[in-house]
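**Student:** Pasting model.cif below, which is mmCIF, C-alpha atoms.
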```
data_run
#
loop_
_atom_site.label_atom_id
_atom_site.label_comp_id
_atom_site.auth_asym_id
_atom_site.auth_seq_id
_atom_site.Cartn_x
_atom_site.Cartn_y
_atom_site.Cartn_z
CA MET A 29 0.00 0.00 0.00
CA LEU A 30 1.18 3.57 -0.72
CA GLN A 31 3.90 2.22 -3.01
CA LYS A 32 5.52 4.95 -5.02
CA PRO A 33 3.99 4.94 -8.54
CA LYS A 34 6.42 4.70 -11.46
CA LEU A 35 4.88 7.81 -13.00
CA LEU A 36 5.80 9.75 -9.87
CA THR A 37 9.43 8.64 -10.22
CA VAL A 38 9.34 9.85 -13.83
CA LEU A 39 7.87 13.15 -12.67
CA ASP A 40 10.59 13.43 -9.96
CA VAL A 41 13.29 13.06 -12.62
CA ALA A 42 11.56 15.54 -14.94
CA ALA A 43 11.15 18.06 -12.09
CA ILE A 44 14.80 17.85 -10.98
CA ALA A 45 16.13 17.98 -14.56
CA SER A 46 13.93 20.90 -15.62
CA PHE A 47 14.67 22.85 -12.43
CA LEU A 48 18.43 22.38 -12.84
CA ALA A 49 18.18 23.32 -16.53
CA ALA A 50 16.17 26.47 -15.70
CA THR A 51 18.76 27.44 -13.07
CA ALA A 52 21.60 26.92 -15.54
CA LEU A 53 19.78 28.99 -18.18
CA VAL A 54 19.20 31.85 -15.73
CA PHE A 55 22.77 31.81 -14.45
CA PHE A 56 24.72 31.20 -17.66
CA TYR A 57 22.50 31.80 -20.71
CA ALA A 58 20.22 34.75 -19.91
CA PRO A 59 21.90 38.06 -20.78
CA LEU A 60 22.75 40.69 -18.20
CA GLU A 61 20.17 43.49 -18.36
CA ARG A 62 21.97 46.70 -19.29
CA VAL A 63 20.60 48.93 -16.51
CA MET A 64 19.64 46.69 -13.57
CA GLY A 65 22.50 44.18 -13.88
CA ALA A 66 22.44 40.77 -12.18
CA VAL A 67 19.43 41.42 -9.93
CA GLN A 68 17.15 41.46 -12.99
CA LYS A 69 17.73 37.68 -13.21
CA VAL A 70 15.69 37.27 -10.03
CA PHE A 71 12.72 38.12 -12.26
CA TYR A 72 12.69 34.65 -13.93
CA PHE A 73 12.03 32.67 -10.73
CA HIS A 74 10.11 35.53 -9.09
CA VAL A 75 7.41 35.41 -11.77
CA ALA A 76 7.51 31.61 -12.00
CA SER A 77 6.92 31.36 -8.21
CA GLY A 78 4.03 33.82 -8.44
CA TRP A 79 2.51 31.78 -11.27
CA VAL A 80 2.80 28.52 -9.30
CA GLY A 81 1.35 30.15 -6.17
CA MET A 82 -1.71 31.37 -8.08
CA LEU A 83 -2.09 28.05 -9.94
CA SER A 84 -1.99 26.24 -6.62
CA PHE A 85 -4.73 28.43 -5.13
CA LEU A 86 -6.80 27.82 -8.27
CA VAL A 87 -6.38 24.06 -7.76
CA ALA A 88 -7.47 24.48 -4.11
CA ALA A 89 -10.62 26.35 -5.21
CA ILE A 90 -11.48 23.76 -7.88
CA VAL A 91 -11.04 20.79 -5.53
CA GLY A 92 -13.06 22.75 -2.95
CA ILE A 93 -15.97 22.82 -5.38
CA ILE A 94 -15.50 19.12 -6.14
CA TYR A 95 -15.47 18.32 -2.41
CA LEU A 96 -18.71 20.22 -1.81
CA ILE A 97 -20.38 18.25 -4.62
CA ARG A 98 -18.98 14.78 -3.86
CA LYS A 99 -18.28 14.99 -0.09
CA ASP A 100 -15.23 12.76 -0.55
CA LEU A 101 -12.38 13.53 1.89
CA LYS A 102 -9.72 12.67 -0.67
CA TRP A 103 -10.45 16.02 -2.34
CA ASP A 104 -9.92 17.77 0.96
CA SER A 105 -6.38 16.37 1.20
CA VAL A 106 -5.69 17.65 -2.33
CA GLY A 107 -6.97 21.09 -1.29
CA VAL A 108 -4.77 21.38 1.79
CA ALA A 109 -1.76 20.15 -0.20
CA ALA A 110 -2.35 22.80 -2.87
CA VAL A 111 -2.72 25.60 -0.33
CA GLU A 112 0.44 24.59 1.55
CA ILE A 113 2.54 24.60 -1.64
CA GLY A 114 0.90 27.81 -2.84
CA ILE A 115 1.90 29.55 0.40
CA ALA A 116 5.55 28.44 0.01
CA PHE A 117 5.78 29.71 -3.58
CA THR A 118 3.93 32.96 -2.86
CA LEU A 119 6.40 33.58 -0.02
CA ILE A 120 9.25 33.17 -2.52
CA ASN A 121 7.46 35.55 -4.89
CA VAL A 122 6.92 38.29 -2.30
CA VAL A 123 10.39 38.10 -0.71
CA THR A 124 12.31 37.97 -4.01
CA GLY A 125 10.24 40.96 -5.14
CA ALA A 126 11.42 42.89 -2.09
CA ILE A 127 15.04 41.88 -2.76
CA TRP A 128 14.73 43.09 -6.37
CA ALA A 129 13.03 46.32 -5.25
CA ARG A 130 15.85 47.37 -2.90
CA PRO A 131 18.37 48.38 -5.62
CA ILE A 132 15.76 49.29 -8.27
CA TRP A 133 13.15 51.23 -6.23
CA ASN A 134 15.61 52.13 -3.48
CA THR A 135 13.33 50.54 -0.88
CA TRP A 136 12.62 47.01 0.34
CA TRP A 137 8.90 47.64 0.54
CA THR A 138 6.20 50.05 -0.57
CA TRP A 139 2.43 49.71 -0.26
CA ASP A 140 1.99 49.46 -4.01
CA PRO A 141 -1.27 47.74 -5.17
CA ARG A 142 0.56 44.60 -6.39
CA LEU A 143 2.69 44.19 -3.27
CA THR A 144 -0.29 44.84 -1.03
CA THR A 145 -2.68 42.45 -2.79
CA ALA A 146 -0.01 39.71 -2.99
CA THR A 147 0.62 40.02 0.75
CA ILE A 148 -3.11 39.94 1.50
CA MET A 149 -3.42 36.82 -0.67
CA GLU A 150 -0.60 35.12 1.29
CA LEU A 151 -2.25 36.05 4.60
CA VAL A 152 -5.67 34.83 3.39
CA TYR A 153 -4.20 31.37 2.77
CA LEU A 154 -2.18 31.33 6.00
CA ALA A 155 -5.52 31.95 7.73
CA TYR A 156 -6.89 28.91 5.84
CA LEU A 157 -4.33 26.69 7.60
CA MET A 158 -5.13 28.32 10.95
CA LEU A 159 -8.85 27.76 10.39
CA ARG A 160 -8.26 24.08 9.65
CA ALA A 161 -6.04 23.67 12.70
CA GLY A 162 -8.92 24.88 14.87
CA ILE A 163 -11.48 22.27 13.67
CA GLU A 164 -11.17 18.65 14.80
CA GLU A 165 -14.03 16.91 13.04
CA PRO A 166 -12.73 15.89 9.56
CA GLU A 167 -15.99 16.46 7.61
CA ARG A 168 -16.61 19.86 9.18
CA ARG A 169 -12.95 20.85 8.62
CA ALA A 170 -13.17 19.78 4.99
CA ARG A 171 -16.44 21.66 4.41
CA PHE A 172 -15.15 24.88 5.99
CA GLY A 173 -11.84 24.50 4.17
CA ALA A 174 -13.57 24.03 0.81
CA VAL A 175 -15.80 27.10 1.24
CA TYR A 176 -12.83 29.14 2.46
CA ALA A 177 -10.64 28.06 -0.50
CA ILE A 178 -13.40 29.09 -2.95
CA VAL A 179 -14.07 32.48 -1.32
CA GLY A 180 -10.35 33.07 -0.66
CA PHE A 181 -9.66 32.59 -4.36
CA LEU A 182 -11.13 36.08 -4.94
CA SER A 183 -7.76 37.39 -3.73
CA VAL A 184 -5.98 35.70 -6.67
CA PRO A 185 -7.54 37.60 -9.65
CA LEU A 186 -7.39 40.75 -7.52
CA THR A 187 -3.62 40.26 -7.17
CA PHE A 188 -3.15 39.30 -10.82
CA PHE A 189 -5.06 42.27 -12.22
CA SER A 190 -3.91 44.82 -9.62
CA ILE A 191 -1.06 46.04 -11.86
CA ARG A 192 -3.46 46.37 -14.78
CA LEU A 193 -6.31 48.07 -12.92
CA PHE A 194 -4.58 50.48 -10.53
CA ARG A 195 -1.83 53.07 -10.74
CA THR A 196 1.33 51.17 -9.84
CA ILE A 197 5.11 51.29 -10.02
CA HIS A 198 5.27 47.49 -10.48
CA PRO A 199 6.30 46.50 -14.04
CA VAL A 200 3.89 44.46 -16.18
CA VAL A 201 5.51 41.47 -17.91
CA ILE A 202 2.75 40.68 -20.37
CA GLY A 203 0.90 43.77 -21.62
CA SER A 204 1.62 47.48 -21.45
CA ASN A 205 3.29 49.13 -18.47
CA ASP A 206 1.82 51.94 -16.37
CA PRO A 207 3.77 55.15 -17.23
CA GLY A 208 4.84 55.27 -13.56
CA ALA A 209 6.31 51.72 -13.60
CA MET A 210 9.90 51.58 -12.32
CA GLY A 211 12.28 48.78 -13.32
CA ALA A 212 10.44 47.84 -16.53
CA PHE A 213 12.59 46.40 -19.33
CA ASP A 214 12.17 45.08 -22.86
CA MET A 215 12.66 41.33 -22.99
CA THR A 216 15.09 40.13 -25.63
CA PRO A 217 14.29 36.82 -27.41
CA THR A 218 16.86 35.05 -25.18
CA MET A 219 15.21 36.46 -22.06
CA THR A 220 11.79 35.32 -23.32
CA GLN A 221 13.12 31.77 -23.87
CA VAL A 222 14.54 31.60 -20.34
CA PHE A 223 11.37 33.11 -18.89
CA LEU A 224 9.06 30.61 -20.63
CA PHE A 225 11.32 27.68 -19.72
CA SER A 226 11.34 28.81 -16.06
CA LEU A 227 7.53 28.89 -16.08
CA LEU A 228 7.46 25.36 -17.52
CA ALA A 229 10.07 24.05 -15.05
CA PHE A 230 8.24 25.50 -12.04
CA THR A 231 4.95 24.04 -13.27
CA ILE A 232 6.52 20.56 -13.47
CA VAL A 233 8.10 21.01 -10.02
CA TYR A 234 4.70 22.12 -8.71
CA PHE A 235 2.82 19.03 -9.88
CA ASP A 236 5.59 16.81 -8.53
CA LEU A 237 5.46 18.47 -5.10
CA LEU A 238 1.66 18.39 -5.13
CA TRP A 239 1.62 14.65 -5.76
CA HIS A 240 4.13 14.05 -2.93
CA ARG A 241 2.16 16.28 -0.55
CA ILE A 242 -1.10 14.46 -1.39
CA ARG A 243 0.58 11.11 -0.64
CA LEU A 244 1.79 12.54 2.68
CA GLY A 245 -1.80 13.53 3.51
CA ARG A 246 -3.07 10.04 2.66
CA LEU A 247 -0.38 8.46 4.86
CA ALA A 248 -1.34 10.79 7.73
CA GLU A 249 -4.99 9.68 7.35
CA ARG A 250 -3.95 6.01 7.45
CA VAL A 251 -1.84 6.53 10.57
CA GLU A 252 -4.72 8.39 12.24
CA SER A 253 -7.20 5.58 11.53
CA LEU A 254 -4.65 2.99 12.80
CA ARG A 255 -4.24 5.06 15.98
CA LEU A 256 -7.99 5.12 16.53
CA LYS A 257 -8.16 1.35 15.94
CA VAL A 258 -5.40 0.64 18.50
CA GLN A 259 -6.93 3.00 21.06
CA ALA A 260 -10.40 1.46 20.70
CA MET B 274 25.54 58.47 -18.40
CA MET B 275 25.60 54.81 -17.43
CA ASP B 276 27.93 52.61 -19.52
CA GLN B 277 27.98 49.60 -17.23
CA PRO B 278 25.01 47.79 -15.65
CA ALA B 279 24.52 48.51 -11.95
CA ASN B 280 26.46 46.23 -9.63
CA THR B 281 23.58 44.30 -8.07
CA ILE B 282 25.24 40.89 -7.73
CA SER B 283 24.73 40.78 -3.94
CA TYR B 284 20.94 41.15 -4.40
CA PHE B 285 21.03 38.44 -7.09
CA ILE B 286 22.78 36.09 -4.65
CA ALA B 287 20.34 37.01 -1.85
CA GLY B 288 17.36 36.38 -4.17
CA TYR B 289 18.50 32.96 -5.36
CA GLY B 290 19.74 32.06 -1.86
CA PHE B 291 16.23 32.67 -0.58
CA ILE B 292 14.58 30.72 -3.42
CA PHE B 293 16.82 27.66 -2.95
CA GLY B 294 16.57 27.97 0.84
CA VAL B 295 12.76 27.87 0.87
CA MET B 296 12.66 24.99 -1.62
CA ILE B 297 15.19 22.92 0.36
CA PHE B 298 13.35 23.70 3.60
CA TYR B 299 10.01 22.61 2.11
CA LEU B 300 11.49 19.42 0.62
CA ALA B 301 13.15 18.59 3.96
CA SER B 302 9.85 19.15 5.77
CA LEU B 303 8.09 16.74 3.39
CA ILE B 304 10.81 14.08 3.88
CA ILE B 305 10.85 14.45 7.69
CA ARG B 306 7.06 14.34 7.97
CA TRP B 307 6.94 11.25 5.72
CA ARG B 308 9.65 9.48 7.77
CA ASN B 309 7.93 10.28 11.08
CA LEU B 310 4.58 9.03 9.81
CA LYS B 311 6.19 5.81 8.52
CA GLN B 312 7.72 5.22 11.97
CA ASP B 313 4.34 5.86 13.62
CA GLU B 314 2.67 3.49 11.16
CA ALA B 315 5.18 0.70 11.86
CA LEU B 316 4.77 1.13 15.63
CA LEU B 317 0.97 1.18 15.44
CA ASN B 318 0.93 -1.89 13.20
CA GLU B 319 3.12 -3.71 15.72
CA LEU B 320 0.79 -2.72 18.59
CA ASP B 321 -2.23 -3.77 16.56
CA GLN B 322 -0.69 -7.18 15.82
CA LYS B 323 0.25 -7.71 19.48
CA GLU B 324 -3.32 -6.86 20.50
CA THR B 325 -4.74 -9.27 17.93
CA THR B 326 -2.41 -12.07 19.05
CA GLY B 327 -3.19 -11.37 22.73
CA ASN B 328 -6.93 -11.67 22.12
CA GLU B 329 -6.60 -15.11 20.47
#
```
Let me see the structure of the file written as structure tokens.
**Tutor:**
Amino acid sequence: MLQKPKLLTVLDVAAIASFLAATALVFFYAPLERVMGAVQKVFYFHVASGWVGMLSFLVAAIVGIIYLIRKDLKWDSVGVAAVEIGIAFTLINVVTGAIWARPIWNTWWTWDPRLTTATIMELVYLAYLMLRAGIEEPERRARFGAVYAIVGFLSVPLTFFSIRLFRTIHPVVIGSNDPGAMGAFDMTPTMTQVFLFSLLAFTIVYFDLLWHRIRLGRLAERVESLRLKVQA
Amino acid sequence: MMDQPANTISYFIAGYGFIFGVMIFYLASLIIRWRNLKQDEALLNELDQKETTGNE
């Protein structure tokens, strides 16, 4: 039982290989941006982390809907796995953004619409874990978690569109920049290749981590039911 | 006029240090949690078997 599937081993190899390749491309292939210098290279994994964070919260919302329809706890363990990984990647996104901002904006932090909405999104999902920790009954916890993941997902499009809807100094990667954007740059074809490959690599890494985290959740459920059996 | 890009290598190192740090930390947490649960499972299985044998 809980034997590692061969497909997961294949996905592990693909995730490690694509992540190492993306790192090598960023470090050795992507050109140095002529104004910002080396710190611009943070952009590749900064955006990829943001993408994976948002994708993960989308997965949590979708499995939340599925749980509410089917009432099957296996979807709840997928939801919590997705949120946990989404929090880790959003943390990377927010902190690397601050590191990039220090030399480019001359400040670690400013209450810009994108930075603010991304931080709110992170806090919304941290609260999801706190909510779950406070409920013992599995069905009730799953129901509350599912509803929360669906409602909490409102913070994701708000974060994504914040740089397109509001006045902001945050650069826009796809689409036109606000005239007040600071640190915007034109991507060369080489930069675009590295950027797209980083997005792909992080997506593969994400699904690999998600699968492992789901298996961990299933193992935890099995141990819990064994514990109840022994105690009875 | 700026001929050379700004020297921002230390921020580049800090950025990638943080990215790799979080990823290693998360991977380690998955491995440790898995190992602990496996140990718990083995112990509980042993207890369960002892109980079953004791009842016979």
**Student:** To test your reading of the syntax: which residues would the PyMOL selection byres ((chain A) within 10 of (chain B)) return for the file shown? Reply as a ChimeraX atom specification.
**Tutor:** /A:51,60-71,73-74,77,112-113,116-117,119-121,123-132,237,240-241,243-245,247-252,254-259
**Student:** Give as a PyMOL selection string the set of residues within 12 Å of the point (-15.3, 26.5, 7.4), where distances use the file's coordinates and only C-alpha atoms.
**Tutor:** chain A and resi 92+96+155-180
**Student:** Could you save those same residues with C-alpha atoms as a short mmCIF file (atom, residue, chain, number, x, y, z; two decimals), in the frame of the given file?
**Tutor:**
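Done, and the output landed in result11.cif:
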```cif
data_model
loop_
_atom_site.label_atom_id
_atom_site.label_comp_id
_atom_site.auth_asym_id
_atom_site.auth_seq_id
_atom_site.Cartn_x
_atom_site.Cartn_y
_atom_site.Cartn_z
CA GLY A 92 -13.06 22.75 -2.95
CA LEU A 96 -18.71 20.22 -1.81
CA ALA A 155 -5.52 31.95 7.73
CA TYR A 156 -6.89 28.91 5.84
CA LEU A 157 -4.33 26.69 7.60
CA MET A 158 -5.13 28.32 10.95
CA LEU A 159 -8.85 27.76 10.39
CA ARG A 160 -8.26 24.08 9.65
CA ALA A 161 -6.04 23.67 12.70
CA GLY A 162 -8.92 24.88 14.87
CA ILE A 163 -11.48 22.27 13.67
CA GLU A 164 -11.17 18.65 14.80
CA GLU A 165 -14.03 16.91 13.04
CA PRO A 166 -12.73 15.89 9.56
CA GLU A 167 -15.99 16.46 7.61
CA ARG A 168 -16.61 19.86 9.18
CA ARG A 169 -12.95 20.85 8.62
CA ALA A 170 -13.17 19.78 4.99
CA ARG A 171 -16.44 21.66 4.41
CA PHE A 172 -15.15 24.88 5.99
CA GLY A 173 -11.84 24.50 4.17
CA ALA A 174 -13.57 24.03 0.81
CA VAL A 175 -15.80 27.10 1.24
CA TYR A 176 -12.83 29.14 2.46
CA ALA A 177 -10.64 28.06 -0.50
CA ILE A 178 -13.40 29.09 -2.95
CA VAL A 179 -14.07 32.48 -1.32
CA GLY A 180 -10.35 33.07 -0.66
#
```
**Student:** Which residues would end up in the selection if the PyMOL selection byres ((chain A and resi 78-87) around 7) were applied here, given that I need the answer as a PyMOL selection string?
**Tutor:** chain A and resi 74-77+88-91+110-111+113-115+117-118+121+181+184+230-231+234
**Student:** For each of A:Leu224, A:Ile191, A:Ile94, A:Leu101, take the minimum atom-to-atom distance to A:Thr145, counting only C-alpha atoms, then give the residue where this is smallest.
**Tutor:**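 Counting only C-alpha atoms, the residue closest to A:Thr145 is A:Ile191.
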**Student:** If I take atom CA of A:Gln221 and atom CA of A:Met149, how far is one from the other in Å, to one decimal?
**Tutor:**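 Between atom CA of A:Gln221 and atom CA of A:Met149 the gap works out to 28.9 Å.
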**Student:** To one decimal place, how far is atom CA of A:Phe235 from atom CA of A:Gly107 in Å?
**Tutor:**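 Answer for the atom CA of A:Phe235 to atom CA of A:Gly107 separation: 13.2 Å.
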**Student:** Give me, as number ranges by chain, all polymer residues having an atom no more than 10 Å from A:His198, counting only C-alpha atoms and skipping those fewer than 3 positions away in the same chain.
**Tutor:** A: 125, 129, 133, 140-143, 190-192, 195, 201, 205-206, 208-212
**Student:** Keeping N, CA and C atoms, write stretch 45-83 of chain A of the structure just shown out as an mmCIF file, in the first residue's frame.
**Tutor:**
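The resulting selection_7.cif:
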```
data_model
loop_
_atom_site.group_PDB
_atom_site.id
_atom_site.type_symbol
_atom_site.label_atom_id
_atom_site.label_comp_id
_atom_site.auth_asym_id
_atom_site.auth_seq_id
_atom_site.Cartn_x
_atom_site.Cartn_y
_atom_site.Cartn_z
ATOM 1 N N ALA A 45 15.397 17.613 -13.330
ATOM 2 C CA ALA A 45 16.128 17.979 -14.559
ATOM 3 C C ALA A 45 15.697 19.359 -15.060
ATOM 4 N N SER A 46 14.385 19.612 -15.079
ATOM 5 C CA SER A 46 13.927 20.904 -15.616
ATOM 6 C C SER A 46 14.304 22.055 -14.683
ATOM 7 N N PHE A 47 14.293 21.793 -13.371
ATOM 8 C CA PHE A 47 14.674 22.850 -12.430
ATOM 9 C C PHE A 47 16.159 23.185 -12.565
ATOM 10 N N LEU A 48 16.986 22.140 -12.677
ATOM 11 C CA LEU A 48 18.432 22.383 -12.842
ATOM 12 C C LEU A 48 18.713 23.099 -14.170
ATOM 13 N N ALA A 49 17.985 22.684 -15.216
ATOM 14 C CA ALA A 49 18.177 23.324 -16.531
ATOM 15 C C ALA A 49 17.761 24.794 -16.477
ATOM 16 N N ALA A 50 16.635 25.074 -15.823
ATOM 17 C CA ALA A 50 16.170 26.470 -15.702
ATOM 18 C C ALA A 50 17.189 27.302 -14.934
ATOM 19 N N THR A 51 17.747 26.721 -13.866
ATOM 20 C CA THR A 51 18.760 27.435 -13.067
ATOM 21 C C THR A 51 19.989 27.733 -13.921
ATOM 22 N N ALA A 52 20.426 26.729 -14.675
ATOM 23 C CA ALA A 52 21.602 26.924 -15.538
ATOM 24 C C ALA A 52 21.330 28.001 -16.592
ATOM 25 N N LEU A 53 20.124 27.977 -17.157
ATOM 26 C CA LEU A 53 19.781 28.986 -18.178
ATOM 27 C C LEU A 53 19.795 30.395 -17.576
ATOM 28 N N VAL A 54 19.237 30.526 -16.388
ATOM 29 C CA VAL A 54 19.201 31.849 -15.734
ATOM 30 C C VAL A 54 20.624 32.320 -15.426
ATOM 31 N N PHE A 55 21.432 31.412 -14.899
ATOM 32 C CA PHE A 55 22.772 31.808 -14.450
ATOM 33 C C PHE A 55 23.735 32.035 -15.621
ATOM 34 N N PHE A 56 23.667 31.181 -16.641
ATOM 35 C CA PHE A 56 24.722 31.205 -17.658
ATOM 36 C C PHE A 56 24.266 31.605 -19.061
ATOM 37 N N TYR A 57 22.960 31.547 -19.338
ATOM 38 C CA TYR A 57 22.496 31.801 -20.710
ATOM 39 C C TYR A 57 21.785 33.143 -20.836
ATOM 40 N N ALA A 58 20.976 33.487 -19.846
ATOM 41 C CA ALA A 58 20.219 34.752 -19.908
ATOM 42 C C ALA A 58 21.189 35.936 -19.892
ATOM 43 N N PRO A 59 20.963 36.927 -20.747
ATOM 44 C CA PRO A 59 21.896 38.062 -20.780
ATOM 45 C C PRO A 59 21.728 38.977 -19.561
ATOM 46 N N LEU A 60 22.788 39.716 -19.295
ATOM 47 C CA LEU A 60 22.750 40.690 -18.203
ATOM 48 C C LEU A 60 21.985 41.918 -18.699
ATOM 49 N N GLU A 61 20.961 42.320 -17.958
ATOM 50 C CA GLU A 61 20.173 43.492 -18.364
ATOM 51 C C GLU A 61 21.048 44.740 -18.225
ATOM 52 N N ARG A 62 20.959 45.644 -19.207
ATOM 53 C CA ARG A 62 21.970 46.700 -19.287
ATOM 54 C C ARG A 62 21.863 47.790 -18.231
ATOM 55 N N VAL A 63 20.715 47.904 -17.567
ATOM 56 C CA VAL A 63 20.600 48.926 -16.512
ATOM 57 C C VAL A 63 20.636 48.278 -15.114
ATOM 58 N N MET A 64 19.781 47.265 -14.918
ATOM 59 C CA MET A 64 19.642 46.686 -13.565
ATOM 60 C C MET A 64 20.765 45.728 -13.189
ATOM 61 N N GLY A 65 21.426 45.136 -14.186
ATOM 62 C CA GLY A 65 22.502 44.184 -13.882
ATOM 63 C C GLY A 65 21.960 42.843 -13.411
ATOM 64 N N ALA A 66 22.733 42.164 -12.559
ATOM 65 C CA ALA A 66 22.437 40.771 -12.179
ATOM 66 C C ALA A 66 21.091 40.607 -11.479
ATOM 67 N N VAL A 67 20.660 41.603 -10.709
ATOM 68 C CA VAL A 67 19.428 41.417 -9.926
ATOM 69 C C VAL A 67 18.204 41.214 -10.824
ATOM 70 N N GLN A 68 18.289 41.656 -12.071
ATOM 71 C CA GLN A 68 17.155 41.460 -12.989
ATOM 72 C C GLN A 68 16.874 39.968 -13.177
ATOM 73 N N LYS A 69 17.911 39.127 -13.006
ATOM 74 C CA LYS A 69 17.725 37.681 -13.210
ATOM 75 C C LYS A 69 16.826 37.049 -12.145
ATOM 76 N N VAL A 70 16.619 37.757 -11.056
ATOM 77 C CA VAL A 70 15.686 37.274 -10.025
ATOM 78 C C VAL A 70 14.276 37.181 -10.619
ATOM 79 N N PHE A 71 14.009 38.043 -11.595
ATOM 80 C CA PHE A 71 12.716 38.121 -12.264
ATOM 81 C C PHE A 71 12.216 36.746 -12.754
ATOM 82 N N TYR A 72 13.121 35.912 -13.316
ATOM 83 C CA TYR A 72 12.693 34.648 -13.930
ATOM 84 C C TYR A 72 11.994 33.734 -12.908
ATOM 85 N N PHE A 73 12.622 33.566 -11.736
ATOM 86 C CA PHE A 73 12.032 32.670 -10.734
ATOM 87 C C PHE A 73 10.989 33.409 -9.884
ATOM 88 N N HIS A 74 11.098 34.719 -9.836
ATOM 89 C CA HIS A 74 10.109 35.526 -9.091
ATOM 90 C C HIS A 74 8.729 35.371 -9.752
ATOM 91 N N VAL A 75 8.682 35.539 -11.056
ATOM 92 C CA VAL A 75 7.406 35.414 -11.774
ATOM 93 C C VAL A 75 6.938 33.956 -11.778
ATOM 94 N N ALA A 76 7.883 33.028 -11.979
ATOM 95 C CA ALA A 76 7.506 31.607 -11.997
ATOM 96 C C ALA A 76 6.907 31.184 -10.654
ATOM 97 N N SER A 77 7.468 31.684 -9.549
ATOM 98 C CA SER A 77 6.923 31.363 -8.213
ATOM 99 C C SER A 77 5.522 31.950 -8.050
ATOM 100 N N GLY A 78 5.353 33.183 -8.524
ATOM 101 C CA GLY A 78 4.033 33.819 -8.442
ATOM 102 C C GLY A 78 3.003 33.037 -9.230
ATOM 103 N N TRP A 79 3.389 32.575 -10.412
ATOM 104 C CA TRP A 79 2.508 31.777 -11.268
ATOM 105 C C TRP A 79 2.098 30.485 -10.559
ATOM 106 N N VAL A 80 3.092 29.785 -9.981
ATOM 107 C CA VAL A 80 2.802 28.517 -9.304
ATOM 108 C C VAL A 80 1.917 28.745 -8.070
ATOM 109 N N GLY A 81 2.173 29.830 -7.343
ATOM 110 C CA GLY A 81 1.347 30.146 -6.174
ATOM 111 C C GLY A 81 -0.106 30.323 -6.577
ATOM 112 N N MET A 82 -0.339 31.105 -7.632
ATOM 113 C CA MET A 82 -1.713 31.366 -8.076
ATOM 114 C C MET A 82 -2.366 30.100 -8.641
ATOM 115 N N LEU A 83 -1.584 29.314 -9.394
ATOM 116 C CA LEU A 83 -2.086 28.050 -9.944
ATOM 117 C C LEU A 83 -2.530 27.126 -8.801
#
```
